[in-house]
file target_32.cif (mmCIF, C-alpha atoms and all ligand atoms)
data_coords
loop_
_atom_site.label_atom_id
_atom_site.label_comp_id
_atom_site.auth_asym_id
_atom_site.auth_seq_id
_atom_site.Cartn_x
_atom_site.Cartn_y
_atom_site.Cartn_z
CA MET A 10 -5.27 -53.36 22.58
CA PRO A 11 -1.47 -52.83 22.24
CA SER A 12 -0.34 -49.31 21.41
CA HIS A 13 1.03 -48.68 17.99
CA ALA A 14 4.50 -47.14 18.51
CA ARG A 15 6.04 -44.53 16.22
CA THR A 16 8.91 -42.09 16.40
CA THR A 17 9.61 -38.69 14.95
CA GLN A 18 11.97 -35.80 15.51
CA VAL A 19 9.34 -33.10 16.16
CA ALA A 20 5.74 -33.77 17.15
CA ILE A 21 3.56 -30.77 16.28
CA ILE A 22 0.28 -30.54 18.17
CA GLY A 23 -2.36 -28.61 16.18
CA ALA A 24 -2.89 -27.89 12.47
CA GLY A 25 -3.65 -24.16 12.68
CA PRO A 26 -1.33 -21.61 11.05
CA ALA A 27 1.38 -22.03 13.73
CA GLY A 28 1.56 -25.82 13.39
CA LEU A 29 1.27 -25.90 9.60
CA LEU A 30 3.88 -23.18 9.04
CA LEU A 31 6.28 -24.85 11.46
CA GLY A 32 5.71 -28.19 9.73
CA ALA A 33 6.43 -26.70 6.31
CA LEU A 34 9.62 -25.02 7.54
CA LEU A 35 10.88 -28.29 9.06
CA GLY A 36 9.70 -30.44 6.16
CA ARG A 37 11.62 -28.30 3.71
CA GLU A 38 14.80 -28.99 5.71
CA GLY A 39 14.16 -32.71 5.78
CA ILE A 40 13.42 -32.75 9.52
CA HIS A 41 10.96 -35.51 10.31
CA HIS A 42 7.80 -34.28 11.99
CA VAL A 43 4.20 -35.31 12.50
CA VAL A 44 1.26 -32.93 12.86
CA VAL A 45 -1.37 -34.23 15.29
CA GLU A 46 -4.70 -32.38 15.02
CA LYS A 47 -7.81 -33.23 16.99
CA HIS A 48 -10.30 -32.07 14.35
CA SER A 49 -10.78 -33.01 10.70
CA ALA A 50 -9.18 -30.89 7.98
CA ALA A 51 -12.68 -29.83 6.87
CA HIS A 52 -13.51 -28.66 10.40
CA VAL A 53 -10.30 -26.63 10.64
CA LEU A 54 -11.08 -25.02 7.27
CA ALA A 55 -14.67 -24.20 8.23
CA ARG A 56 -13.57 -21.76 10.95
CA VAL A 57 -13.69 -18.15 9.85
CA ARG A 58 -10.73 -16.31 11.31
CA ALA A 59 -8.62 -13.23 10.64
CA GLY A 60 -7.54 -12.01 7.24
CA ILE A 61 -4.70 -9.48 7.30
CA LEU A 62 -1.15 -10.61 6.51
CA GLU A 63 1.94 -8.54 7.32
CA PRO A 64 4.66 -8.45 4.64
CA ALA A 65 6.76 -10.88 6.73
CA THR A 66 3.95 -13.44 6.71
CA VAL A 67 3.51 -13.09 2.94
CA ALA A 68 7.28 -13.48 2.50
CA LEU A 69 7.24 -16.63 4.64
CA MET A 70 4.53 -18.22 2.48
CA ARG A 71 6.53 -17.34 -0.63
CA GLU A 72 9.79 -18.78 0.76
CA LEU A 73 7.94 -21.96 1.59
CA GLY A 74 6.77 -22.28 -2.00
CA ALA A 75 3.17 -22.03 -0.75
CA GLY A 76 2.52 -18.45 -1.81
CA GLU A 77 1.36 -18.85 -5.38
CA ARG A 78 -2.38 -18.44 -4.81
CA LEU A 79 -1.71 -15.76 -2.21
CA ALA A 80 0.25 -13.79 -4.82
CA ARG A 81 -2.64 -14.17 -7.26
CA GLU A 82 -5.66 -13.71 -5.02
CA GLY A 83 -4.34 -11.71 -2.05
CA LEU A 84 -5.46 -8.07 -2.07
CA PRO A 85 -2.63 -5.60 -1.38
CA HIS A 86 -3.85 -2.79 0.90
CA GLU A 87 -1.66 0.28 1.08
CA GLY A 88 -3.82 1.98 3.67
CA LEU A 89 -6.86 1.81 5.90
CA PHE A 90 -9.66 4.10 7.00
CA LEU A 91 -10.45 5.31 10.48
CA SER A 92 -14.05 6.38 10.84
CA VAL A 93 -14.22 8.56 13.92
CA ALA A 94 -17.52 9.89 15.19
CA GLY A 95 -18.97 9.76 11.70
CA GLN A 96 -15.99 11.14 9.76
CA ARG A 97 -13.72 9.02 7.60
CA HIS A 98 -9.95 9.57 7.59
CA HIS A 99 -7.37 7.79 5.49
CA ILE A 100 -4.20 6.30 7.00
CA ASP A 101 -1.64 5.75 4.24
CA LEU A 102 0.34 2.77 5.53
CA GLN A 103 2.64 2.69 2.50
CA ALA A 104 3.56 6.39 2.75
CA LEU A 105 3.97 6.28 6.54
CA ALA A 106 5.68 2.93 7.05
CA GLY A 107 6.97 2.08 3.58
CA ARG A 108 5.11 -1.23 3.48
CA HIS A 109 1.61 -2.56 2.96
CA VAL A 110 -0.53 -5.44 4.22
CA THR A 111 -2.31 -8.15 2.22
CA VAL A 112 -5.90 -9.27 2.66
CA TYR A 113 -6.00 -13.08 2.49
CA GLY A 114 -8.16 -15.17 4.82
CA GLN A 115 -6.53 -17.38 7.43
CA THR A 116 -8.71 -20.16 6.02
CA GLU A 117 -7.08 -19.77 2.60
CA LEU A 118 -3.57 -19.73 4.04
CA THR A 119 -4.42 -22.89 6.00
CA ARG A 120 -5.84 -24.54 2.87
CA ASP A 121 -2.64 -23.79 0.90
CA LEU A 122 -0.41 -25.23 3.62
CA MET A 123 -2.58 -28.35 4.00
CA ALA A 124 -2.41 -28.93 0.23
CA GLN A 125 1.38 -28.55 0.31
CA ARG A 126 1.67 -31.07 3.18
CA GLU A 127 -0.39 -33.57 1.31
CA ALA A 128 1.59 -33.15 -1.92
CA ALA A 129 4.89 -33.45 0.00
CA GLY A 130 3.70 -36.54 1.88
CA TRP A 131 4.45 -35.02 5.31
CA PRO A 132 2.54 -37.04 7.90
CA THR A 133 -0.57 -35.49 9.45
CA VAL A 134 -3.02 -37.18 11.78
CA TYR A 135 -6.44 -35.52 11.68
CA GLU A 136 -9.23 -36.38 14.11
CA ALA A 137 -6.69 -37.54 16.71
CA GLY A 138 -8.61 -38.65 19.81
CA ASP A 139 -7.70 -37.73 23.40
CA VAL A 140 -4.28 -36.25 22.72
CA SER A 141 -2.04 -36.32 25.81
CA LEU A 142 1.59 -35.39 26.39
CA ALA A 143 4.03 -37.15 28.74
CA GLY A 144 7.77 -37.14 29.44
CA LEU A 145 8.10 -33.48 28.49
CA ALA A 146 11.11 -32.93 30.75
CA ASP A 147 13.39 -35.29 28.82
CA LYS A 148 11.69 -37.99 26.72
CA PRO A 149 8.45 -36.82 25.16
CA CYS A 150 5.68 -39.25 24.30
CA ILE A 151 2.42 -38.19 22.66
CA ARG A 152 -0.56 -40.50 23.04
CA PHE A 153 -3.69 -40.27 20.93
CA GLY A 154 -6.27 -42.35 19.16
CA GLU A 155 -6.11 -42.80 15.40
CA ALA A 156 -9.14 -44.41 13.78
CA GLY A 157 -9.94 -45.96 17.16
CA ARG A 158 -6.43 -47.41 17.70
CA PRO A 159 -4.16 -46.08 20.46
CA VAL A 160 -0.90 -44.61 19.19
CA GLU A 161 2.28 -43.69 21.08
CA LEU A 162 4.48 -41.22 19.28
CA GLN A 163 8.00 -40.74 20.68
CA ALA A 164 9.59 -37.41 19.75
CA ASP A 165 12.74 -35.44 20.49
CA TRP A 166 10.71 -32.24 20.78
CA VAL A 167 7.05 -31.27 21.04
CA ALA A 168 5.76 -28.08 19.45
CA GLY A 169 2.57 -26.98 21.21
CA CYS A 170 0.64 -25.23 18.43
CA ASP A 171 -2.82 -26.21 19.64
CA GLY A 172 -4.33 -22.83 20.36
CA PHE A 173 -5.56 -21.25 23.56
CA HIS A 174 -7.68 -24.23 24.69
CA GLY A 175 -5.17 -26.92 23.70
CA VAL A 176 -3.50 -29.60 25.77
CA SER A 177 0.09 -28.32 25.45
CA ARG A 178 0.14 -25.30 27.74
CA ALA A 179 -2.12 -27.24 30.14
CA SER A 180 0.59 -29.95 30.38
CA ILE A 181 3.09 -27.55 31.92
CA PRO A 182 3.11 -27.59 35.74
CA PRO A 183 1.27 -24.39 36.75
CA GLU A 184 4.09 -23.29 39.04
CA LYS A 185 6.44 -23.21 36.02
CA LEU A 186 4.31 -20.69 34.16
CA GLN A 187 3.53 -17.08 34.74
CA THR A 188 0.41 -15.86 32.99
CA PHE A 189 -0.72 -12.32 32.23
CA GLU A 190 -4.30 -11.68 31.29
CA ARG A 191 -6.77 -8.94 30.54
CA SER A 192 -10.32 -9.52 29.40
CA TYR A 193 -12.50 -6.86 27.84
CA PRO A 194 -16.13 -6.33 28.85
CA PHE A 195 -17.52 -6.85 25.31
CA GLY A 196 -17.24 -9.12 22.29
CA TRP A 197 -17.18 -8.91 18.50
CA LEU A 198 -20.02 -10.21 16.40
CA GLY A 199 -18.68 -11.11 12.95
CA VAL A 200 -20.66 -11.64 9.75
CA LEU A 201 -19.38 -13.04 6.47
CA ALA A 202 -21.55 -12.11 3.48
CA ASP A 203 -21.44 -11.99 -0.29
CA THR A 204 -21.61 -8.24 -0.62
CA PRO A 205 -18.95 -5.86 -1.95
CA PRO A 206 -16.77 -4.09 0.65
CA VAL A 207 -17.96 -0.57 1.57
CA ALA A 208 -14.56 0.87 0.63
CA ALA A 209 -11.42 -0.22 -1.19
CA GLU A 210 -9.65 -0.61 2.17
CA LEU A 211 -10.67 -1.65 5.69
CA VAL A 212 -12.79 0.77 7.72
CA TYR A 213 -12.17 0.75 11.50
CA ALA A 214 -14.96 2.74 13.15
CA GLN A 215 -15.05 4.40 16.53
CA HIS A 216 -18.52 5.56 17.52
CA ASP A 217 -20.50 6.35 20.66
CA ARG A 218 -22.61 3.24 19.96
CA GLY A 219 -19.43 1.12 19.89
CA PHE A 220 -16.69 -0.13 17.60
CA ALA A 221 -17.32 -1.50 14.10
CA LEU A 222 -15.07 -2.89 11.37
CA CYS A 223 -15.69 -3.43 7.67
CA SER A 224 -13.16 -5.92 6.34
CA MET A 225 -13.24 -8.16 3.28
CA ARG A 226 -12.15 -11.45 1.77
CA SER A 227 -12.48 -10.50 -1.91
CA PRO A 228 -14.00 -7.74 -4.08
CA THR A 229 -17.38 -9.46 -3.66
CA ARG A 230 -17.18 -10.82 -0.12
CA SER A 231 -17.23 -8.76 3.08
CA ARG A 232 -16.32 -9.64 6.65
CA CYS A 233 -17.83 -7.11 9.07
CA TYR A 234 -17.89 -6.82 12.83
CA VAL A 235 -19.70 -4.83 15.51
CA GLN A 236 -18.78 -4.57 19.18
CA ILE A 237 -21.53 -6.22 21.24
CA ALA A 238 -22.31 -6.43 24.94
CA GLN A 239 -20.92 -9.31 26.97
CA GLY A 240 -23.60 -11.96 27.27
CA ASP A 241 -25.25 -11.21 23.92
CA SER A 242 -25.91 -14.31 21.83
CA ILE A 243 -26.21 -14.93 18.09
CA GLU A 244 -30.01 -15.14 18.49
CA ASP A 245 -30.01 -11.54 19.71
CA TRP A 246 -28.55 -10.49 16.39
CA PRO A 247 -30.68 -11.37 13.34
CA ASP A 248 -29.13 -10.17 10.07
CA ASN A 249 -31.17 -6.98 9.79
CA ARG A 250 -30.29 -5.83 13.30
CA PHE A 251 -26.60 -6.44 12.52
CA TRP A 252 -26.61 -4.43 9.28
CA ASP A 253 -28.64 -1.58 10.82
CA GLU A 254 -26.29 -1.36 13.78
CA LEU A 255 -23.22 -1.48 11.55
CA ALA A 256 -24.60 1.33 9.35
CA SER A 257 -25.38 3.48 12.39
CA ARG A 258 -21.73 3.33 13.53
CA LEU A 259 -20.16 4.19 10.16
CA ASP A 260 -19.45 7.54 8.50
CA PRO A 261 -22.07 8.54 5.87
CA ALA A 262 -19.98 7.51 2.83
CA SER A 263 -19.27 4.03 4.22
CA ALA A 264 -22.87 3.60 5.41
CA ALA A 265 -24.24 4.63 2.01
CA ALA A 266 -22.10 1.97 0.32
CA LEU A 267 -23.30 -0.81 2.64
CA ARG A 268 -25.42 -3.44 0.85
CA PRO A 269 -26.87 -5.85 3.43
CA ALA A 270 -26.83 -9.49 2.36
CA PRO A 271 -27.66 -12.78 4.12
CA ALA A 272 -24.99 -13.93 6.57
CA LEU A 273 -22.99 -16.91 5.28
CA GLU A 274 -21.46 -17.24 8.73
CA LYS A 275 -22.05 -15.39 11.97
CA SER A 276 -20.01 -15.83 15.13
CA ILE A 277 -19.13 -14.11 18.38
CA ALA A 278 -15.54 -13.75 19.58
CA PRO A 279 -14.61 -12.67 23.09
CA LEU A 280 -11.74 -10.21 23.36
CA ARG A 281 -8.78 -11.16 25.49
CA SER A 282 -5.13 -10.31 26.02
CA PHE A 283 -3.11 -13.25 27.36
CA VAL A 284 0.55 -14.22 27.58
CA ALA A 285 2.13 -17.31 29.15
CA GLU A 286 5.80 -17.12 30.08
CA PRO A 287 8.11 -18.80 29.32
CA MET A 288 7.19 -20.33 25.97
CA ARG A 289 9.27 -23.44 26.69
CA TRP A 290 9.20 -26.09 29.35
CA GLY A 291 11.73 -28.92 28.98
CA ARG A 292 11.22 -30.34 25.51
CA LEU A 293 7.87 -28.63 24.94
CA LEU A 294 7.91 -25.39 22.96
CA LEU A 295 4.77 -23.29 22.60
CA ALA A 296 3.88 -21.26 19.50
CA GLY A 297 0.90 -19.14 18.45
CA ASP A 298 -2.36 -18.94 20.39
CA ALA A 299 -1.18 -21.74 22.71
CA ALA A 300 1.12 -19.16 24.31
CA HIS A 301 -0.60 -15.85 23.70
CA ILE A 302 -3.85 -14.20 22.63
CA VAL A 303 -4.35 -10.67 21.37
CA PRO A 304 -7.67 -8.93 20.84
CA PRO A 305 -8.30 -8.89 17.05
CA THR A 306 -8.32 -5.10 16.69
CA GLY A 307 -4.71 -4.88 15.49
CA ALA A 308 -4.96 -7.97 13.23
CA LYS A 309 -1.89 -9.46 14.92
CA GLY A 310 -2.91 -13.02 15.99
CA LEU A 311 -2.11 -14.82 12.76
CA ASN A 312 1.05 -12.81 12.13
CA LEU A 313 2.35 -13.58 15.62
CA ALA A 314 1.71 -17.29 15.04
CA ALA A 315 3.75 -17.02 11.83
CA SER A 316 6.57 -15.19 13.58
CA ASP A 317 6.73 -17.82 16.36
CA ALA A 318 6.78 -20.61 13.76
CA ARG A 319 9.66 -18.98 11.93
CA GLN A 320 11.73 -18.50 15.09
CA LEU A 321 11.00 -21.94 16.44
CA ALA A 322 11.83 -23.59 13.12
CA GLY A 323 15.13 -21.70 13.01
CA ALA A 324 16.01 -22.96 16.48
CA LEU A 325 15.10 -26.58 15.68
CA ILE A 326 17.02 -26.49 12.40
CA GLU A 327 20.07 -25.18 14.28
CA HIS A 328 19.68 -28.05 16.76
CA TYR A 329 19.65 -30.73 14.07
CA ARG A 330 22.03 -29.18 11.53
CA GLU A 331 24.60 -27.50 13.76
CA ARG A 332 24.08 -29.48 16.96
CA SER A 333 23.63 -26.21 18.83
CA ASP A 334 20.86 -25.58 21.33
CA ALA A 335 21.55 -21.85 21.56
CA GLY A 336 18.47 -21.01 19.47
CA LEU A 337 16.20 -23.33 21.46
CA ASP A 338 17.53 -21.92 24.73
CA SER A 339 16.78 -18.35 23.69
CA TYR A 340 13.56 -19.07 21.72
CA SER A 341 11.16 -18.03 24.49
CA GLU A 342 12.96 -14.81 25.29
CA ARG A 343 13.26 -13.79 21.62
CA ALA A 344 9.66 -14.67 20.76
CA LEU A 345 8.27 -12.89 23.83
CA ARG A 346 9.84 -9.57 22.83
CA GLY A 347 7.71 -9.49 19.68
CA VAL A 348 4.72 -10.93 21.51
CA TRP A 349 4.69 -8.11 24.05
CA ARG A 350 5.01 -5.46 21.36
CA ALA A 351 2.01 -6.94 19.56
CA GLU A 352 0.15 -7.18 22.88
CA ARG A 353 0.78 -3.52 23.54
CA PHE A 354 -0.34 -2.45 20.09
CA SER A 355 -3.48 -4.64 20.13
CA TRP A 356 -4.43 -3.41 23.59
CA TRP A 357 -3.84 0.22 22.55
CA MET A 358 -5.90 -0.04 19.38
CA THR A 359 -8.69 -1.83 21.28
CA ARG A 360 -8.77 0.85 23.95
CA LEU A 361 -8.66 3.64 21.38
CA LEU A 362 -11.60 2.45 19.29
CA HIS A 363 -14.05 0.67 21.61
CA ARG A 364 -16.73 1.95 23.91
CA PHE A 365 -16.01 0.68 27.42
CA PRO A 366 -19.32 0.29 29.29
CA GLU A 367 -18.02 1.23 32.74
CA GLU A 368 -15.93 4.08 31.51
CA LEU A 369 -16.15 7.46 33.17
CA ALA A 370 -16.66 10.68 31.25
CA PHE A 371 -13.02 11.51 32.01
CA GLU A 372 -11.70 8.44 30.15
CA GLN A 373 -14.03 9.11 27.25
CA ARG A 374 -12.63 12.61 26.88
CA LEU A 375 -9.08 11.19 26.98
CA GLN A 376 -9.97 8.72 24.23
CA ARG A 377 -11.37 11.54 22.14
CA ALA A 378 -8.24 13.64 22.72
CA GLU A 379 -6.01 10.74 21.70
CA LEU A 380 -8.03 10.23 18.50
CA ASP A 381 -7.82 13.96 17.75
CA GLN A 382 -4.07 13.83 18.12
CA LEU A 383 -3.79 10.71 15.97
CA LEU A 384 -5.78 12.31 13.18
CA ALA A 385 -3.75 15.52 13.35
CA SER A 386 -0.24 14.15 13.82
CA ARG A 387 1.81 12.41 11.17
CA ALA A 388 4.15 11.15 13.91
CA ALA A 389 1.25 9.46 15.73
CA GLN A 390 -0.03 7.95 12.47
CA THR A 391 3.46 6.67 11.65
CA LEU A 392 3.55 4.78 14.93
CA LEU A 393 0.19 3.17 14.15
CA ALA A 394 1.29 2.34 10.59
CA GLU A 395 4.61 0.80 11.67
CA ASN A 396 2.86 -1.41 14.18
CA TYR A 397 0.06 -2.36 11.78
CA VAL A 398 2.38 -3.52 9.00
CA GLY A 399 4.62 -5.24 11.57
CA LEU A 400 7.59 -4.03 13.54
CA ARG A 401 10.97 -5.22 12.36
CA GLY A 402 13.89 -6.33 14.50
N1 LIG A 501 -4.84 -31.84 20.28
C1 LIG A 501 -4.58 -31.59 18.97
N2 LIG A 501 -4.96 -30.46 18.34
C2 LIG A 501 -5.62 -29.55 19.06
C3 LIG A 501 -5.91 -29.73 20.43
C4 LIG A 501 -5.49 -30.96 21.04
N3 LIG A 501 -5.74 -31.20 22.33
N4 LIG A 501 -6.56 -28.63 20.90
C5 LIG A 501 -6.68 -27.82 19.84
N5 LIG A 501 -6.12 -28.34 18.73
C6 LIG A 501 -6.03 -27.77 17.39
C7 LIG A 501 -7.24 -26.95 16.99
O1 LIG A 501 -8.28 -27.78 16.49
C8 LIG A 501 -6.65 -26.03 15.93
O2 LIG A 501 -6.75 -26.57 14.63
O3 LIG A 501 -4.96 -26.85 17.35
C9 LIG A 501 -5.18 -25.91 16.31
C10 LIG A 501 -4.83 -24.51 16.81
O4 LIG A 501 -4.99 -23.60 15.76
P1 LIG A 501 -5.36 -22.04 15.96
O5 LIG A 501 -6.38 -21.92 17.04
O6 LIG A 501 -5.66 -21.50 14.63
O7 LIG A 501 -4.02 -21.42 16.58
P2 LIG A 501 -2.64 -20.99 15.90
O8 LIG A 501 -2.17 -21.98 14.90
O9 LIG A 501 -1.76 -20.61 17.03
O10 LIG A 501 -2.99 -19.70 15.06
C11 LIG A 501 -3.29 -18.48 15.64
O11 LIG A 501 -5.52 -18.43 14.92
O12 LIG A 501 -7.13 -18.03 16.57
C12 LIG A 501 -6.48 -17.53 15.48
O13 LIG A 501 -6.49 -15.18 15.73
C13 LIG A 501 -5.72 -16.34 15.89
O14 LIG A 501 -5.04 -15.81 13.77
C14 LIG A 501 -4.59 -16.39 14.97
C15 LIG A 501 -4.28 -17.79 14.75
C1 LIG A 502 -10.83 -9.73 9.33
O1 LIG A 502 -10.81 -9.52 8.11
O2 LIG A 502 -11.43 -10.72 9.79
C2 LIG A 502 -10.15 -8.80 10.25
C3 LIG A 502 -9.44 -7.74 9.74
C4 LIG A 502 -8.81 -6.85 10.58
C5 LIG A 502 -8.89 -7.03 11.95
C6 LIG A 502 -9.58 -8.11 12.47
C7 LIG A 502 -10.22 -8.99 11.62
O3 LIG A 502 -8.28 -6.13 12.76
#

call {"tool": "encode", "arguments": {"input": "target_32.cif", "output": "structure tokens"}}
result
Amino acid sequence: MPSHARTTQVAIIGAGPAGLLLGALLGREGIHHVVVEKHSAAHVLARVRAGILEPATVALMRELGAGERLAREGLPHEGLFLSVAGQRHHIDLQALAGRHVTVYGQTELTRDLMAQREAAGWPTVYEAGDVSLAGLADKPCIRFGEAGRPVELQADWVAGCDGFHGVSRASIPPEKLQTFERSYPFGWLGVLADTPPVAAELVYAQHDRGFALCSMRSPTRSRCYVQIAQGDSIEDWPDNRFWDELASRLDPASAAALRPAPALEKSIAPLRSFVAEPMRWGRLLLAGDAAHIVPPTGAKGLNLAASDARQLAGALIEHYRERSDAGLDSYSERALRGVWRAERFSWWMTRLLHRFPEELAFEQRLQRAELDQLLASRAAQTLLAENYVGLRG
């Protein structure tokens, strides 16, 4: 069967937050682009992911004209709670860092951007089969199946926004990439349930039994997590065991407010820190999880994807509007500065709040001392707050 040939300026691989935000930024400037996603839109929207937006991410959605529902339904959070060894402490993000975060599920942000694409008529191929990339050094060509027909898409540039397991990073010759990785010897078990949040703001809990987190999606829907052992499976965690374990790790006030409800969704996420450098090879530019992973403790993954999309869009717009490649040439270096700061913060917060199985008594005492200092020092809390709401510049 002959291939169906098409051309575009920018081929975007993946319809997660990185790909959709990049597409919206380019579409708004009249730059032709196609989003190629291997799953259906419904499948992408069925994944339960993070839910904390930094002010910069909220501002980006607003600038794109896709922030209306976010402004209406997003929950502004001016602080968070740290529950340490059974005692709850408030961290006032607004007072410490002068900004706040917004609770709005990644799924909802994705839904808003997909709706905007459809209304704008920007081309998106869902359920693309066997996506492969060729000619990345100078003349990119993306091959995939669309409704059973082979398609060849010629593009000036390819944006690899296809997540950690995607085809983009894997298409770069290994000797051209340097990777940095740290895995953690535990996972997070997450439960989504129609039950009111235990507190008005998120509760991050450090406890001898392990880390726990009470987050939310709305005033009636909670998203909660407990640290679990590596190798545990969903079957090991029936609903009642999950709620009992969560309660045992929380301070008394949070535990008393917990109202167990049937899990609407339950999933296990491994924790990993990962960075691939550089974020560009020839005409392929990586953004979001395709280039880097942070453990979810600092709520940075989605915000980093948004920050990459913004920087990459700026560079591509400069290329087409001003015929300058300066932005594209420096994209990787500029993006990586922010990536490494988020990596550091996510690693620090993970280390501070989790129970590491192999840890010696010495490290446990150091963790305790660091928590003591954090709870006693406004300077230490300011550093946490500034990182949590997003570093500027
Ligand atoms: N071809 C096309 N699309 C692909 C391919 C492929 N070979 N492989 C993966 N994809 C798609 C996935 O189905 C997914 O929809 O790429 C998309 C990548 O989206 P995300 O994984 O959401 O990654 P990203 O857009 O970088 O957003 C990062 O997602 O994982 C969370 O915590 C992370 O919040 C962060 C955010
Ligand atoms: C979530 O709501 O899913 C969530 C919130 C904060 C985190 C991680 C996940 O740090």

call {"tool": "residues_near_ligand", "arguments": {"input": "target_32.cif", "ligand": "ligand LIG 501 (chain A)", "cutoff": "8 Å", "atoms": "only C-alpha atoms and all ligand atoms", "output": "NGL selection string"}}
result
:A and (22-29 or 45-48 or 53 or 58-60 or 115 or 137-141 or 170-177 or 296-300 or 302-303 or 305 or 308-315)

call {"tool": "atom_distance", "arguments": {"input": "target_32.cif", "atom1": "atom CA of Ser355 of chain A", "atom2": "atom CA of Gly307 of chain A"}}
result
4.8 Å

call {"tool": "residues_near_ligand", "arguments": {"input": "target_32.cif", "ligand": "ligand LIG 502 (chain A)", "cutoff": "10 Å", "atoms": "all atoms listed in the file", "output": "number ranges by chain"}}
result
A: 57-62, 112-115, 197, 199-201, 211-213, 222-226, 231-234, 304-310, 355, 358-359, 397

call {"tool": "residues_around", "arguments": {"input": "target_32.cif", "residues": "Leu325 of chain A", "least_positions_apart": "2", "cutoff": "12 Å", "atoms": "only C-alpha atoms", "output": "count of residues only"}}
result
40

call {"tool": "closest_residue", "arguments": {"input": "target_32.cif", "among": "A:Ala221, A:Leu361, A:Val207, A:Ala278", "to": "Gln376 of chain A", "atoms": "only C-alpha atoms"}}
result
A:Leu361

call {"tool": "atom_distance", "arguments": {"input": "target_32.cif", "atom1": "atom CA of Ala208 of chain A", "atom2": "atom CA of Ala266 of chain A"}}
result
7.6 Å
